[in-house]
Amino acid sequence: MIARPEKLIAPFFSDLVWRMPAMPRGVYFTFDDGPTPGVTEQVLDKLDAVGGKATFFALGKQVASAPQLFEKIIADGHSVGNHTMTHPKGWKTNSEKYIRDIEEAAQWITSPLFRPPYGKITPAQIRMLKPKYKIVMWDVLSRDYDPRLNLPKAAKYLETHIQSGSIVVFHDSLKAHKNMIPLLSAAINHCRKQSLPLLPLPMDHGPTE
Ligand SMILES: [Zn+2]
C-alpha cells in the first residue's frame, strides 16, 4: 500500500513544538549551530543588556571546541538544547546513525530539548527521539544564514510575525553573524516596544499543552 506522504507525516506533526502558549506573555529566541567564539559572546551581551533569556541549540562539535563559552551560556541563565554533533540532514541519514550523532552530542549537552538540523526529520526519527526529547521547531525564521538577505525586509518580517508565544530562530554561527546581529537588534527592539519579555524555553519534557 502506498500512503500519501502528508498522511504519514501529519500524525507526527503534533509531536513537534512549533510555538509556546501566548500566556504568560513572552517570546522565545533560539540560537542554533553555536557556540561560536566571537559571535556567541555578542549575543549574550545583547540579551544581558535587556535582561533577556534565550535558548541555545548547540552543536556537540562546537561545545567540544569551546566548552567554556557553553558554560557561560548556562551560567547566564539561558536554556540549552541538543542540535546534534555534526549537523546531519535527517531525511538523508539512516535513523540509527542519526540517533547515534545525537547521543554523541548528549555527552556534551545535557538537555531534554532537541532541534533537528534544517528542520528535517523523519517520522521514524521522531518516534525514536520522542521518549527522551521534546522536539522544538519554530514559527518565525530569521533567515540570517542567507548571504543575499535584504536586511530591512528581513527585519520588517520579524516585526510583523513575532508575537507572544513565538519561537524565533537565529544562528550564532560565523556564516549568519553579519545578518544575525542587526536582526537580533531589530527583534529585541520590537519586543521591548510590545512589552514582550524574552524567555528561555523550559527545559522539561512534560506535555506542552
Ligand atoms: Zn542548524
# chains A, B, ... in the order shown; residues from 1 in each chain; ligands from 1
>>> residues_near_ligand(ligand="ligand 1", cutoff="7 Å", atoms="only C-alpha atoms and all ligand atoms", output="JSON, numbers by chain")
{"A": [32, 33, 83, 87, 117, 118]}
>>> select_by_dssp(residues="stretch 30-98 of chain A", states="strand (DSSP E or B)", output="list in words")
Thr30, Phe31, Asp32, Thr55, Phe56, Phe57, Ala58, Ser79, Val80, Gly81 and Asn82 of chain A
>>> write_last_selection(atoms="C-alpha atoms", output="mmCIF file, in the first residue's frame")
data_model
loop_
_atom_site.group_PDB
_atom_site.id
_atom_site.type_symbol
_atom_site.label_atom_id
_atom_site.label_comp_id
_atom_site.auth_asym_id
_atom_site.auth_seq_id
_atom_site.Cartn_x
_atom_site.Cartn_y
_atom_site.Cartn_z
ATOM 1 C CA THR A 30 16.616 30.441 19.874
ATOM 2 C CA PHE A 31 20.182 30.331 18.535
ATOM 3 C CA ASP A 32 21.334 27.344 16.500
ATOM 4 C CA THR A 55 17.705 29.051 24.241
ATOM 5 C CA PHE A 56 20.880 27.844 22.521
ATOM 6 C CA PHE A 57 20.557 24.724 20.355
ATOM 7 C CA ALA A 58 24.222 23.830 20.403
ATOM 8 C CA SER A 79 18.415 27.236 28.287
ATOM 9 C CA VAL A 80 20.351 24.849 26.061
ATOM 10 C CA GLY A 81 19.284 22.149 23.648
ATOM 11 C CA ASN A 82 20.849 19.394 21.563
#
>>> residues_around(residues="stretch 164-181 of chain A", least_positions_apart="5", cutoff="9 Å", atoms="only C-alpha atoms", output="ChimeraX atom specification")
/A:18-40,42-43,56,136-147,149,151,158,186,196-197,201
